[in-house]
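Source file: my_file_16.csv. Holds: CSV, C-alpha atoms.
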```csv
chain,number,residue,atom,x,y,z
F,1,MET,CA,109.4,121.8,118.9
F,2,ARG,CA,111.8,122.7,116.2
F,3,PRO,CA,115.5,123.0,116.7
F,4,VAL,CA,116.9,126.5,116.6
F,5,MET,CA,119.9,127.4,114.5
F,6,ARG,CA,122.3,129.6,116.3
F,7,PRO,CA,123.3,132.7,114.3
F,8,THR,CA,127.0,131.8,114.5
F,9,MET,CA,126.5,128.5,112.7
F,10,ARG,CA,127.6,128.0,109.1
F,11,PRO,CA,124.8,127.3,106.6
F,12,VAL,CA,125.0,124.0,104.8
F,13,THR,CA,126.4,124.2,101.2
F,14,ALA,CA,123.7,124.5,98.6
F,15,SER,CA,122.7,121.3,96.8
F,16,GLN,CA,123.1,121.1,93.0
F,17,THR,CA,121.8,118.6,90.5
F,18,ILE,CA,123.7,115.3,89.9
F,19,GLY,CA,123.1,116.0,86.2
F,20,PRO,CA,123.0,113.5,83.4
F,21,PHE,CA,126.7,112.5,83.4
F,22,TRP,CA,127.2,111.1,86.9
F,23,HIS,CA,127.4,107.4,85.7
F,24,PRO,CA,131.2,107.0,86.2
F,25,LEU,CA,130.0,106.7,89.9
F,26,GLY,CA,127.5,104.0,88.9
F,27,ASP,CA,129.5,100.8,89.1
F,28,PRO,CA,126.7,98.2,88.8
F,29,ALA,CA,128.3,96.1,91.5
F,30,LEU,CA,127.2,98.7,94.1
F,31,ALA,CA,123.6,97.6,93.7
F,32,ASP,CA,124.4,94.2,95.2
F,33,LEU,CA,125.0,94.7,99.0
F,34,THR,CA,125.8,91.0,99.3
F,35,ARG,CA,128.7,91.1,96.9
F,36,PHE,CA,131.3,90.8,99.7
F,37,GLY,CA,129.8,87.5,100.8
F,38,ALA,CA,127.2,88.6,103.4
F,39,THR,CA,124.7,85.9,104.2
F,40,GLY,CA,121.3,86.1,105.8
F,41,SER,CA,117.7,86.8,104.7
F,42,ARG,CA,118.2,87.9,101.0
F,43,LEU,CA,116.0,90.6,99.7
F,44,GLU,CA,115.6,91.6,96.1
F,45,LEU,CA,114.0,95.0,95.3
F,46,THR,CA,113.2,96.2,91.8
F,47,GLY,CA,111.1,99.1,90.6
F,48,CYS,CA,110.8,101.9,88.1
F,49,VAL,CA,111.1,105.6,88.4
F,50,LEU,CA,108.5,107.6,86.5
F,51,ASP,CA,108.1,111.4,86.0
F,52,GLY,CA,105.0,113.5,86.2
F,53,GLY,CA,104.1,112.6,82.6
F,54,GLY,CA,104.4,108.9,83.3
F,55,ALA,CA,107.7,108.6,81.3
F,56,PRO,CA,110.5,106.5,82.7
F,57,VAL,CA,113.3,108.4,84.3
F,58,ASP,CA,116.3,106.8,82.7
F,59,ASP,CA,119.2,108.8,84.2
F,60,ALA,CA,118.5,108.7,87.9
F,61,CYS,CA,120.8,107.6,90.7
F,62,ILE,CA,119.0,105.6,93.4
F,63,GLU,CA,120.7,105.0,96.7
F,64,ILE,CA,119.6,103.0,99.7
F,65,TRP,CA,120.8,102.9,103.3
F,66,GLN,CA,119.9,100.5,106.1
F,67,ASP,CA,121.4,100.1,109.6
F,68,THR,CA,120.3,96.5,110.1
F,69,PRO,CA,121.9,94.1,109.6
F,70,PRO,CA,124.7,96.2,111.0
F,71,ALA,CA,127.3,97.3,108.5
F,72,SER,CA,130.4,95.2,108.5
F,73,PRO,CA,133.4,94.5,106.2
F,74,VAL,CA,131.1,92.1,104.2
F,75,PHE,CA,127.9,94.2,104.4
F,76,PRO,CA,128.1,97.9,103.5
F,77,GLY,CA,124.5,98.7,104.3
F,78,TRP,CA,124.6,101.2,101.4
F,79,GLY,CA,123.9,100.6,97.7
F,80,ARG,CA,123.6,102.6,94.5
F,81,CYS,CA,121.8,101.8,91.2
F,82,ALA,CA,121.5,103.7,88.0
F,83,THR,CA,118.0,103.6,86.4
F,84,GLY,CA,118.0,102.1,82.9
F,85,ALA,CA,116.1,102.9,79.7
F,86,SER,CA,112.8,101.8,81.3
F,87,GLY,CA,113.4,103.7,84.5
F,88,ARG,CA,114.2,100.4,86.1
F,89,PHE,CA,116.4,99.9,89.1
F,90,GLY,CA,117.2,96.8,91.2
F,91,PHE,CA,119.0,96.0,94.4
F,92,VAL,CA,120.0,92.8,96.2
F,93,THR,CA,120.5,93.2,99.9
F,94,LEU,CA,119.7,91.5,103.2
F,95,ALA,CA,116.3,92.1,104.8
F,96,PRO,CA,116.3,94.8,107.5
F,97,ASP,CA,115.3,93.9,111.0
F,98,PRO,CA,111.6,93.3,111.3
F,99,SER,CA,111.4,95.9,114.1
F,100,ALA,CA,112.2,98.6,111.5
F,101,PRO,CA,111.2,96.9,108.2
F,102,TYR,CA,112.3,99.7,105.8
F,103,LEU,CA,115.2,101.1,103.9
F,104,ALA,CA,116.2,104.8,103.6
F,105,VAL,CA,116.2,105.9,99.9
F,106,ALA,CA,117.7,109.0,98.2
F,107,ILE,CA,116.9,109.8,94.6
F,108,PHE,CA,119.2,112.0,92.5
F,109,ALA,CA,118.6,113.0,88.9
F,110,ARG,CA,118.9,115.6,86.2
F,111,GLY,CA,116.2,118.1,87.0
F,112,LEU,CA,116.4,117.5,90.7
F,113,VAL,CA,118.5,120.2,92.2
F,114,LYS,CA,118.4,118.4,95.5
F,115,PRO,CA,117.8,114.8,96.4
F,116,LEU,CA,114.4,113.3,97.1
F,117,TRP,CA,114.4,111.5,100.4
F,118,THR,CA,112.1,108.7,101.1
F,119,ARG,CA,111.7,105.2,102.5
F,120,VAL,CA,110.6,101.8,101.2
F,121,TYR,CA,108.7,99.6,103.7
F,122,PHE,CA,108.4,95.8,103.5
F,123,ALA,CA,105.6,95.6,106.1
F,124,ASP,CA,103.0,98.0,107.6
F,125,THR,CA,103.7,97.5,111.3
F,126,GLY,CA,102.3,100.8,112.6
F,127,ASP,CA,105.4,102.7,112.1
F,128,PRO,CA,104.8,106.4,113.1
F,129,LEU,CA,105.5,107.7,109.6
F,130,LEU,CA,103.1,105.3,107.9
F,131,ALA,CA,100.5,105.7,110.6
F,132,ALA,CA,100.4,109.5,110.0
F,133,LEU,CA,99.8,109.2,106.3
F,134,PRO,CA,96.4,108.9,104.5
F,135,ALA,CA,95.9,105.4,103.2
F,136,ALA,CA,96.5,106.3,99.5
F,137,ARG,CA,99.7,108.1,100.3
F,138,ARG,CA,100.9,105.3,102.6
F,139,GLN,CA,100.7,102.9,99.8
F,140,THR,CA,103.4,104.7,97.9
F,141,LEU,CA,106.0,103.7,100.5
F,142,LEU,CA,105.0,100.0,100.6
F,143,ALA,CA,106.8,97.5,98.4
F,144,ARG,CA,104.7,94.6,97.4
F,145,ALA,CA,105.8,91.0,97.4
F,146,GLU,CA,105.9,89.4,94.0
F,147,PRO,CA,107.2,86.0,93.0
F,148,ALA,CA,110.4,87.5,91.8
F,149,GLY,CA,111.0,89.6,94.8
F,150,TRP,CA,109.8,93.0,96.2
F,151,ARG,CA,108.5,95.6,93.8
F,152,TRP,CA,108.4,99.3,94.5
F,153,ASP,CA,107.8,102.0,91.9
F,154,VAL,CA,108.5,105.7,92.4
F,155,ARG,CA,106.4,108.5,90.9
F,156,LEU,CA,108.2,111.8,91.2
F,157,GLN,CA,105.2,113.9,90.5
F,158,GLY,CA,101.4,113.9,90.0
F,159,ASP,CA,99.0,111.0,90.3
F,160,GLY,CA,100.3,108.5,92.9
F,161,GLU,CA,103.2,110.7,93.8
F,162,THR,CA,105.5,109.0,96.1
F,163,VAL,CA,105.8,110.4,99.6
F,164,PHE,CA,109.0,112.4,99.9
F,165,LEU,CA,110.4,113.3,103.3
F,166,GLU,CA,111.9,116.3,105.0
F,167,LEU,CA,114.7,115.2,107.3
A,1,MET,CA,115.5,113.7,126.4
A,2,THR,CA,115.6,114.9,122.8
A,3,GLU,CA,117.7,113.0,120.4
A,4,PRO,CA,120.2,115.0,118.4
A,5,THR,CA,118.6,116.0,115.1
A,6,TYR,CA,119.1,117.9,111.9
A,7,LEU,CA,118.8,121.7,111.9
A,8,PRO,CA,116.4,123.3,109.4
A,9,PHE,CA,118.1,125.0,106.5
A,10,PRO,CA,118.3,128.8,106.7
A,11,PRO,CA,115.8,130.3,104.4
A,12,GLY,CA,117.0,130.6,100.8
A,13,SER,CA,120.2,128.7,101.4
A,14,GLN,CA,119.0,125.7,99.3
A,15,PRO,CA,117.2,125.6,96.0
A,16,PRO,CA,113.6,124.7,95.7
A,17,TYR,CA,112.7,121.5,93.8
A,18,ALA,CA,110.6,123.4,91.2
A,19,VAL,CA,113.0,125.7,89.3
A,20,PRO,CA,111.0,127.5,86.6
A,21,ASN,CA,113.9,128.2,84.2
A,22,TYR,CA,115.4,124.7,84.6
A,23,ARG,CA,113.4,122.7,82.1
A,24,SER,CA,114.2,119.3,83.4
A,25,SER,CA,112.7,120.1,86.8
A,26,GLY,CA,109.3,120.5,85.2
A,27,LEU,CA,108.1,116.9,85.3
A,28,ARG,CA,110.5,115.7,88.0
A,29,ALA,CA,110.0,118.1,90.9
A,30,PRO,CA,107.4,116.8,93.3
A,31,HIS,CA,104.1,118.7,93.7
A,32,GLN,CA,103.1,117.4,97.2
A,33,PRO,CA,104.7,119.0,100.2
A,34,LEU,CA,107.5,117.1,101.9
A,35,VAL,CA,106.4,115.1,104.9
A,36,PRO,CA,108.6,116.0,107.9
A,37,ILE,CA,109.9,113.0,109.9
A,38,SER,CA,112.0,112.4,113.0
A,39,PRO,CA,115.0,110.6,111.5
A,40,THR,CA,115.6,107.1,112.7
A,41,ILE,CA,117.9,105.0,110.5
A,42,GLU,CA,118.8,108.3,108.7
A,43,ARG,CA,120.8,109.3,111.8
A,44,SER,CA,123.4,106.7,110.9
A,45,GLY,CA,125.1,106.3,107.5
A,46,PRO,CA,127.5,104.4,105.4
A,47,VAL,CA,131.2,104.3,106.1
A,48,PHE,CA,133.5,103.8,103.1
A,49,SER,CA,136.7,102.0,103.5
A,50,PRO,CA,139.6,103.3,101.3
A,51,SER,CA,140.5,99.6,100.9
A,52,GLN,CA,137.2,99.0,99.1
A,53,PHE,CA,137.0,102.4,97.5
A,54,LEU,CA,140.4,103.4,96.3
A,55,ALA,CA,141.4,107.0,96.5
A,56,ALA,CA,142.2,108.7,93.1
A,57,ALA,CA,143.3,112.2,93.9
A,58,ASP,CA,145.0,113.1,90.6
A,59,LEU,CA,142.5,113.5,87.8
A,60,SER,CA,145.0,115.4,85.7
A,61,ARG,CA,146.8,112.2,84.4
A,62,GLU,CA,145.8,108.9,82.9
A,63,ALA,CA,148.5,106.2,83.1
A,64,GLY,CA,151.0,108.9,83.9
A,65,ARG,CA,150.2,111.0,80.8
A,66,MET,CA,149.1,114.5,81.4
A,67,ALA,CA,145.7,115.7,80.3
A,68,LEU,CA,145.3,118.9,78.2
A,69,GLY,CA,144.1,122.0,80.0
A,70,GLU,CA,144.9,124.4,82.8
A,71,ARG,CA,146.2,122.4,85.7
A,72,ILE,CA,144.4,123.1,89.0
A,73,LEU,CA,144.8,122.0,92.6
A,74,VAL,CA,141.5,122.1,94.5
A,75,ALA,CA,141.6,122.0,98.3
A,76,GLY,CA,139.2,122.7,101.1
A,77,ARG,CA,137.7,121.6,104.4
A,78,VAL,CA,134.5,119.7,105.1
A,79,THR,CA,132.7,120.7,108.3
A,80,ASP,CA,129.3,120.7,109.8
A,81,GLU,CA,127.2,123.8,110.7
A,82,ALA,CA,129.0,124.0,114.1
A,83,ASP,CA,132.4,124.0,112.3
A,84,ARG,CA,133.2,120.6,113.5
A,85,PRO,CA,135.4,118.8,111.0
A,86,VAL,CA,134.0,115.9,109.1
A,87,PRO,CA,136.9,113.4,109.0
A,88,ASN,CA,137.5,110.3,106.9
A,89,THR,CA,134.5,111.0,104.6
A,90,MET,CA,134.5,110.0,101.0
A,91,ILE,CA,134.2,112.6,98.3
A,92,GLU,CA,133.4,111.6,94.7
A,93,LEU,CA,134.3,113.9,91.9
A,94,TRP,CA,133.5,114.1,88.2
A,95,GLN,CA,133.8,116.8,85.6
A,96,ALA,CA,134.1,117.6,81.9
A,97,ASN,CA,137.5,117.9,80.1
A,98,ALA,CA,139.1,121.1,79.1
A,99,ALA,CA,137.0,121.2,75.9
A,100,GLY,CA,133.8,120.9,77.9
A,101,ARG,CA,133.1,117.3,77.1
A,102,TYR,CA,132.4,114.4,79.5
A,103,HIS,CA,134.0,111.0,79.1
A,104,HIS,CA,130.4,109.6,78.9
A,105,VAL,CA,128.5,107.7,76.3
A,106,ALA,CA,125.7,110.2,76.4
A,107,ASP,CA,127.9,113.2,75.7
A,108,THR,CA,128.3,113.2,71.9
A,109,ARG,CA,129.2,116.8,71.5
A,110,ASP,CA,131.6,117.4,68.6
A,111,VAL,CA,134.6,118.6,70.6
A,112,PRO,CA,137.5,116.3,71.4
A,113,LEU,CA,137.7,113.7,74.1
A,114,ASP,CA,141.1,113.7,75.8
A,115,PRO,CA,142.6,110.2,76.0
A,116,ASN,CA,144.5,111.3,79.1
A,117,PHE,CA,141.5,112.6,81.0
A,118,ARG,CA,138.6,110.5,82.3
A,119,GLY,CA,137.4,113.2,84.7
A,120,THR,CA,136.6,111.1,87.8
A,121,GLY,CA,138.2,111.0,91.2
A,122,ARG,CA,137.7,110.0,94.8
A,123,VAL,CA,139.3,111.4,97.9
A,124,PHE,CA,138.9,111.1,101.6
A,125,THR,CA,139.0,113.9,104.1
A,126,ASP,CA,141.7,113.7,106.8
A,127,GLN,CA,141.2,114.0,110.6
A,128,ASP,CA,140.7,117.8,110.3
A,129,GLY,CA,138.2,117.4,107.4
A,130,ARG,CA,140.7,118.6,104.8
A,131,TYR,CA,140.8,117.2,101.2
A,132,GLN,CA,142.6,118.1,98.0
A,133,PHE,CA,143.0,116.8,94.5
A,134,LEU,CA,144.7,117.7,91.2
A,135,SER,CA,142.8,118.2,88.0
A,136,ILE,CA,142.4,120.4,85.0
A,137,LYS,CA,140.0,123.3,84.7
A,138,PRO,CA,136.8,122.0,83.0
A,139,GLY,CA,135.5,123.8,80.0
A,140,ALA,CA,132.0,125.4,79.8
A,141,TYR,CA,129.6,123.5,77.5
A,142,PRO,CA,126.3,124.1,75.8
A,143,TRP,CA,123.1,122.3,76.9
A,144,GLY,CA,119.6,122.1,75.6
A,145,ASN,CA,117.8,124.0,78.4
A,146,HIS,CA,117.1,127.1,76.3
A,147,ALA,CA,118.6,128.8,73.2
A,148,ASN,CA,122.3,129.4,73.5
A,149,ALA,CA,122.4,127.9,77.0
A,150,TRP,CA,125.9,127.2,78.4
A,151,ARG,CA,126.8,125.7,81.7
A,152,PRO,CA,129.5,127.6,83.6
A,153,ALA,CA,132.6,125.6,84.2
A,154,HIS,CA,132.0,123.3,87.2
A,155,ILE,CA,133.2,120.2,89.1
A,156,HIS,CA,130.6,117.8,90.6
A,157,PHE,CA,131.1,116.8,94.2
A,158,SER,CA,129.3,114.0,96.0
A,159,LEU,CA,129.8,113.8,99.7
A,160,PHE,CA,128.4,111.4,102.4
A,161,GLY,CA,129.3,113.0,105.7
A,162,ALA,CA,128.6,111.3,109.1
A,163,SER,CA,125.0,110.3,108.6
A,164,TRP,CA,122.5,109.7,105.8
A,165,GLY,CA,120.9,113.1,106.2
A,166,ALA,CA,124.2,114.7,105.6
A,167,ARG,CA,124.5,113.4,102.0
A,168,LEU,CA,125.2,116.2,99.6
A,169,VAL,CA,125.7,116.4,95.8
A,170,THR,CA,126.8,119.8,94.7
A,171,GLN,CA,128.9,121.6,92.1
A,172,MET,CA,131.9,123.8,92.5
A,173,TYR,CA,132.2,126.8,90.2
A,174,PHE,CA,135.1,129.1,89.3
A,175,PRO,CA,135.4,132.8,90.2
A,176,GLY,CA,134.7,135.4,87.6
A,177,ASP,CA,132.7,133.1,85.3
A,178,PRO,CA,130.3,135.3,83.3
A,179,LEU,CA,128.0,132.3,82.7
A,180,LEU,CA,127.1,132.1,86.4
A,181,ASP,CA,124.6,135.0,86.1
A,182,LEU,CA,122.8,133.1,83.2
A,183,ASP,CA,122.8,129.6,84.7
A,184,PRO,CA,119.4,128.4,86.0
A,185,ILE,CA,121.0,125.7,88.1
A,186,TYR,CA,123.4,128.0,89.8
A,187,GLN,CA,120.7,130.7,90.1
A,188,ALA,CA,118.2,128.3,91.6
A,189,THR,CA,119.5,129.0,95.1
A,190,PRO,CA,117.7,132.1,96.2
A,191,ASP,CA,120.2,133.5,98.7
A,192,PRO,CA,123.1,135.2,96.8
A,193,ASP,CA,125.5,134.5,99.7
A,194,ALA,CA,124.6,130.8,99.5
A,195,ARG,CA,125.2,130.9,95.7
A,196,ALA,CA,128.6,132.7,96.2
A,197,ARG,CA,129.7,129.9,98.5
A,198,LEU,CA,129.5,127.5,95.6
A,199,VAL,CA,132.2,129.5,93.8
A,200,ALA,CA,135.8,128.4,94.7
A,201,ALA,CA,138.3,131.1,95.7
A,202,PHE,CA,141.5,131.5,93.8
A,203,ASP,CA,144.3,131.0,96.3
A,204,LEU,CA,147.8,132.1,95.5
A,205,ALA,CA,149.1,130.4,98.7
A,206,LEU,CA,147.7,127.1,97.4
A,207,THR,CA,149.0,127.7,93.9
A,208,GLN,CA,152.1,125.7,93.2
A,209,GLY,CA,154.8,127.2,91.1
A,210,ASN,CA,155.1,125.4,87.7
A,211,GLU,CA,152.5,122.9,88.8
A,212,ALA,CA,148.9,124.1,89.2
A,213,LEU,CA,146.6,127.0,90.0
A,214,GLY,CA,145.1,126.7,93.5
A,215,TYR,CA,141.4,126.9,94.3
A,216,ARG,CA,139.9,126.7,97.7
A,217,PHE,CA,136.4,125.2,98.2
A,218,ASP,CA,135.1,124.6,101.7
A,219,ILE,CA,131.9,122.5,102.1
A,220,VAL,CA,129.4,122.4,105.0
A,221,LEU,CA,127.4,119.3,105.6
A,222,ARG,CA,124.4,118.7,107.8
A,223,GLY,CA,125.3,117.4,111.2
A,224,LEU,CA,123.3,116.0,114.1
A,225,HIS,CA,123.0,118.6,116.8
A,226,ALA,CA,121.7,118.5,120.4
A,227,THR,CA,120.2,122.0,120.2
A,228,PRO,CA,118.1,124.4,122.1
A,229,MET,CA,114.5,124.0,121.1
A,230,GLU,CA,112.0,126.7,120.4
A,231,GLY,CA,109.7,126.8,123.5
A,232,ALA,CA,112.3,125.1,125.7
A,233,ARG,CA,113.0,126.7,129.0
```
Could you spell out this file's structure in structure tokens?
Amino acid sequence: MRPVMRPTMRPVTASQTIGPFWHPLGDPALADLTRFGATGSRLELTGCVLDGGGAPVDDACIEIWQDTPPASPVFPGWGRCATGASGRFGFVTLAPDPSAPYLAVAIFARGLVKPLWTRVYFADTGDPLLAALPAARRQTLLARAEPAGWRWDVRLQGDGETVFLEL
Amino acid sequence: MTEPTYLPFPPGSQPPYAVPNYRSSGLRAPHQPLVPISPTIERSGPVFSPSQFLAAADLSREAGRMALGERILVAGRVTDEADRPVPNTMIELWQANAAGRYHHVADTRDVPLDPNFRGTGRVFTDQDGRYQFLSIKPGAYPWGNHANAWRPAHIHFSLFGASWGARLVTQMYFPGDPLLDLDPIYQATPDPDARARLVAAFDLALTQGNEALGYRFDIVLRGLHATPMEGAR
């Protein structure tokens, strides 16, 4: 069943691109969710954003949100990272609860007139979204463990295109 | 029982990812259809404390010195689709200066930077969803999308709302700008009424004598709604 929008309701404001000049919002400290002193199971996530031609996307804004551990004065649950010249981004956070081992991700960039919504998973535990995806597509949402931490690359378009979500 | 959820967007009220005349979307817009999900952690979202994210509601001055340009006061209300106010939510702002140049290392256009204008701000809505800030009217600027392409004057808005799915990044435009008809980004939204809602309204009641021209810009964010369902009895 789909929710029905009542005719009297006000339509949501149209999204517009974040553009190439958003970086004043991109304080590098925002990529470290432990910066206020939160302690727990530390998680490092790095990756690259690539476009449909395989070129790095060097002006994107990547944001993450997690509701576990619960947000507190020392743990915002939210982070933001600008991609660099190689399309690379990196976050330091605390691992989400194993019962929902994923982060919500939003990607903003020049050329995207609205955000790309997705998730990055740290385990394939039979979550309904992962279970509903064909294996090849499921892989695009799974970070892989590497010695230096978790690695998750995002392909905006074409071969290996990351699964993007409709909320 | 059905959990409150997001409503679908009315047709045409949001731009598609692939915008044919917007060159940068060519290799960045996804080709696969979006996968619909029932939101889980997306139904909650970050809360920003003004003690950690300081408000900066006057973009029109730097260290007390006034920026060059036409001074403006922008005010409006942030609500959800049911007209419920979105209180205490953070709004991030950024814009070009009066000459149409951003205070940004990648903007190397040969027009002046203004030492008294950085072009970034941050405000929080009040209990009724209202916000306002002072600035100067940004200039239009050329961009490389096509020959003689100029972006209409605009102010960037970034809003968080009450949950992750409410997150919105948009642009506010100015009434009467002849560049709106030519701008692939503005024109990307199919519904003309939805486009028109991105244009602020000049408001004489908001205009302050000797101080600033008033513009009103209301914003609607997605909310979580317990709603009638198709097929429900």
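If you look at CA of Glu3 (chain A) and CA of Asp80 (chain A), they are 17.5 Å away from each other.
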What lies within 7 Å of Ser24 (chain A) using all atoms listed in the file, ignoring chain neighbours under 4 positions off, as an MDAnalysis selection string?
(chainID F and resid 110:111) or (chainID A and resid 28)
Could you list, as a VMD selection string, every residue within 8 Å of Thr189 (chain A), counting only C-alpha atoms and ignoring same-chain residues fewer than 6 positions away?
(chain F and resid 14) or (chain A and resid 12 to 16 195)
Measuring atom to atom with all atoms listed in the file, identify which of F:Ala145, F:Pro73, F:Gln157, F:Glu166 is nearest to Phe48 (chain A).
F:Pro73
Restrict the distance test to all atoms listed in the file, flag each residue of chain F within 6 Å of chain A, and return the flagged residues as a PyMOL selection string.
chain F and resi 1-4+9-16+51-52+78+111-112+156-157+164-167
Fewer than 2 positions away in the same chain doesn't count, so skip those; otherwise give me all residues within 8 Å of region 93-104 of chain F, counting only C-alpha atoms, as a list in words.
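Near neighbours after the sequence-gap exclusion: Asp32, Leu33, Thr34, Thr39, Gly40, Ser41, Arg42, Leu43, Glu44, Ile64, Trp65, Gln66, Asp67, Thr68, Pro69, Phe91, Ala106, Trp117, Thr118, Arg119, Val120, Tyr121, Phe122, Ala123 and Asp127 of chain F; Ile41 and Glu42 of chain A.
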Between CA of Ala38 (chain F) and CA of Arg144 (chain F), what is the distance in Å, rounded to a tenth?
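Separating CA of Ala38 (chain F) from CA of Arg144 (chain F) is a distance of 24.0 Å.
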What does the distance from CA of Pro152 (chain A) to CA of Ala55 (chain A) come to in Å, to one decimal?
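So the answer is 27.1 Å.
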For Ile62 (chain F): contacts at 9 Å, all atoms listed in the file, fewer than 5 positions along chain excluded, given as a CSV table (one decimal) with C-alpha atoms, in the frame of the given file:
```csv
chain,number,residue,atom,x,y,z
F,79,GLY,CA,123.9,100.6,97.7
F,80,ARG,CA,123.6,102.6,94.5
F,81,CYS,CA,121.8,101.8,91.2
F,82,ALA,CA,121.5,103.7,88.0
F,83,THR,CA,118.0,103.6,86.4
F,89,PHE,CA,116.4,99.9,89.1
F,105,VAL,CA,116.2,105.9,99.9
F,106,ALA,CA,117.7,109.0,98.2
F,107,ILE,CA,116.9,109.8,94.6
F,108,PHE,CA,119.2,112.0,92.5
F,109,ALA,CA,118.6,113.0,88.9
```
Of the residues F:Gly19, F:Pro115, F:Pro147, F:Gly126, which is the one nearest to Leu45 (chain F), using only C-alpha atoms?
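Counting only C-alpha atoms, the residue closest to Leu45 (chain F) is F:Pro147.
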Counting all atoms listed in the file, note down every residue that has an atom within 7 Å of the point (143.1, 117.5, 88.3) (file coordinates), as an mmCIF file with C-alpha atoms, in the coordinates of the input.
```
data_model
loop_
_atom_site.group_PDB
_atom_site.id
_atom_site.type_symbol
_atom_site.label_atom_id
_atom_site.label_comp_id
_atom_site.auth_asym_id
_atom_site.auth_seq_id
_atom_site.Cartn_x
_atom_site.Cartn_y
_atom_site.Cartn_z
ATOM 1 C CA ASP A 58 145.000 113.100 90.600
ATOM 2 C CA LEU A 59 142.500 113.500 87.800
ATOM 3 C CA SER A 60 145.000 115.400 85.700
ATOM 4 C CA ARG A 71 146.200 122.400 85.700
ATOM 5 C CA ILE A 72 144.400 123.100 89.000
ATOM 6 C CA LEU A 73 144.800 122.000 92.600
ATOM 7 C CA PHE A 133 143.000 116.800 94.500
ATOM 8 C CA LEU A 134 144.700 117.700 91.200
ATOM 9 C CA SER A 135 142.800 118.200 88.000
ATOM 10 C CA ILE A 136 142.400 120.400 85.000
#
```
Neighbouring residues of Arg138 (chain F) were defined as those with any atom within 10 Å, considering only C-alpha atoms; residues of the same chain fewer than 3 positions away were excluded. Please report them as a PyMOL selection string.
chain F and resi 121+124+129-135+141-142+162-163
For Thr140 (chain F), which residue among F:Ile18, F:Lys114, F:Gly47, F:Arg88 is the nearest when counting only C-alpha atoms?
F:Gly47
Incomplete region 16-27 of chain F brought to N, CA and C atoms, written out as a CSV table (one decimal), in the frame of the given file:
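Once everything was written out, this is result.csv:
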```
chain,number,residue,atom,x,y,z
F,16,GLN,N,123.2,120.9,94.4
F,16,GLN,CA,123.1,121.1,93.0
F,16,GLN,C,122.7,119.8,92.3
F,17,THR,N,122.2,119.8,91.1
F,17,THR,CA,121.8,118.6,90.5
F,17,THR,C,123.0,117.6,90.2
F,18,ILE,N,122.7,116.3,90.3
F,18,ILE,CA,123.7,115.3,89.9
F,18,ILE,C,123.9,115.3,88.4
F,19,GLY,N,123.0,115.9,87.7
F,19,GLY,CA,123.1,116.0,86.2
F,19,GLY,C,123.0,114.7,85.5
F,20,PRO,N,123.2,114.7,84.2
F,20,PRO,CA,123.0,113.5,83.4
F,20,PRO,C,124.3,112.7,83.2
F,21,PHE,N,125.4,113.2,83.7
F,21,PHE,CA,126.7,112.5,83.4
F,21,PHE,C,127.4,111.9,84.6
F,22,TRP,N,126.6,111.5,85.6
F,22,TRP,CA,127.2,111.1,86.9
F,22,TRP,C,127.6,109.6,86.8
F,23,HIS,N,127.3,108.9,85.7
F,23,HIS,CA,127.4,107.4,85.7
F,23,HIS,C,128.8,106.9,86.0
F,24,PRO,N,129.9,107.6,85.8
F,24,PRO,CA,131.2,107.0,86.2
F,24,PRO,C,131.1,106.6,87.7
F,25,LEU,N,130.2,107.1,88.5
F,25,LEU,CA,130.0,106.7,89.9
F,25,LEU,C,129.2,105.5,90.0
F,26,GLY,N,128.6,105.0,88.9
F,26,GLY,CA,127.5,104.0,88.9
F,26,GLY,C,127.9,102.6,88.7
F,27,ASP,N,129.1,102.2,89.2
F,27,ASP,CA,129.5,100.8,89.1
F,27,ASP,C,128.3,99.9,89.5
```
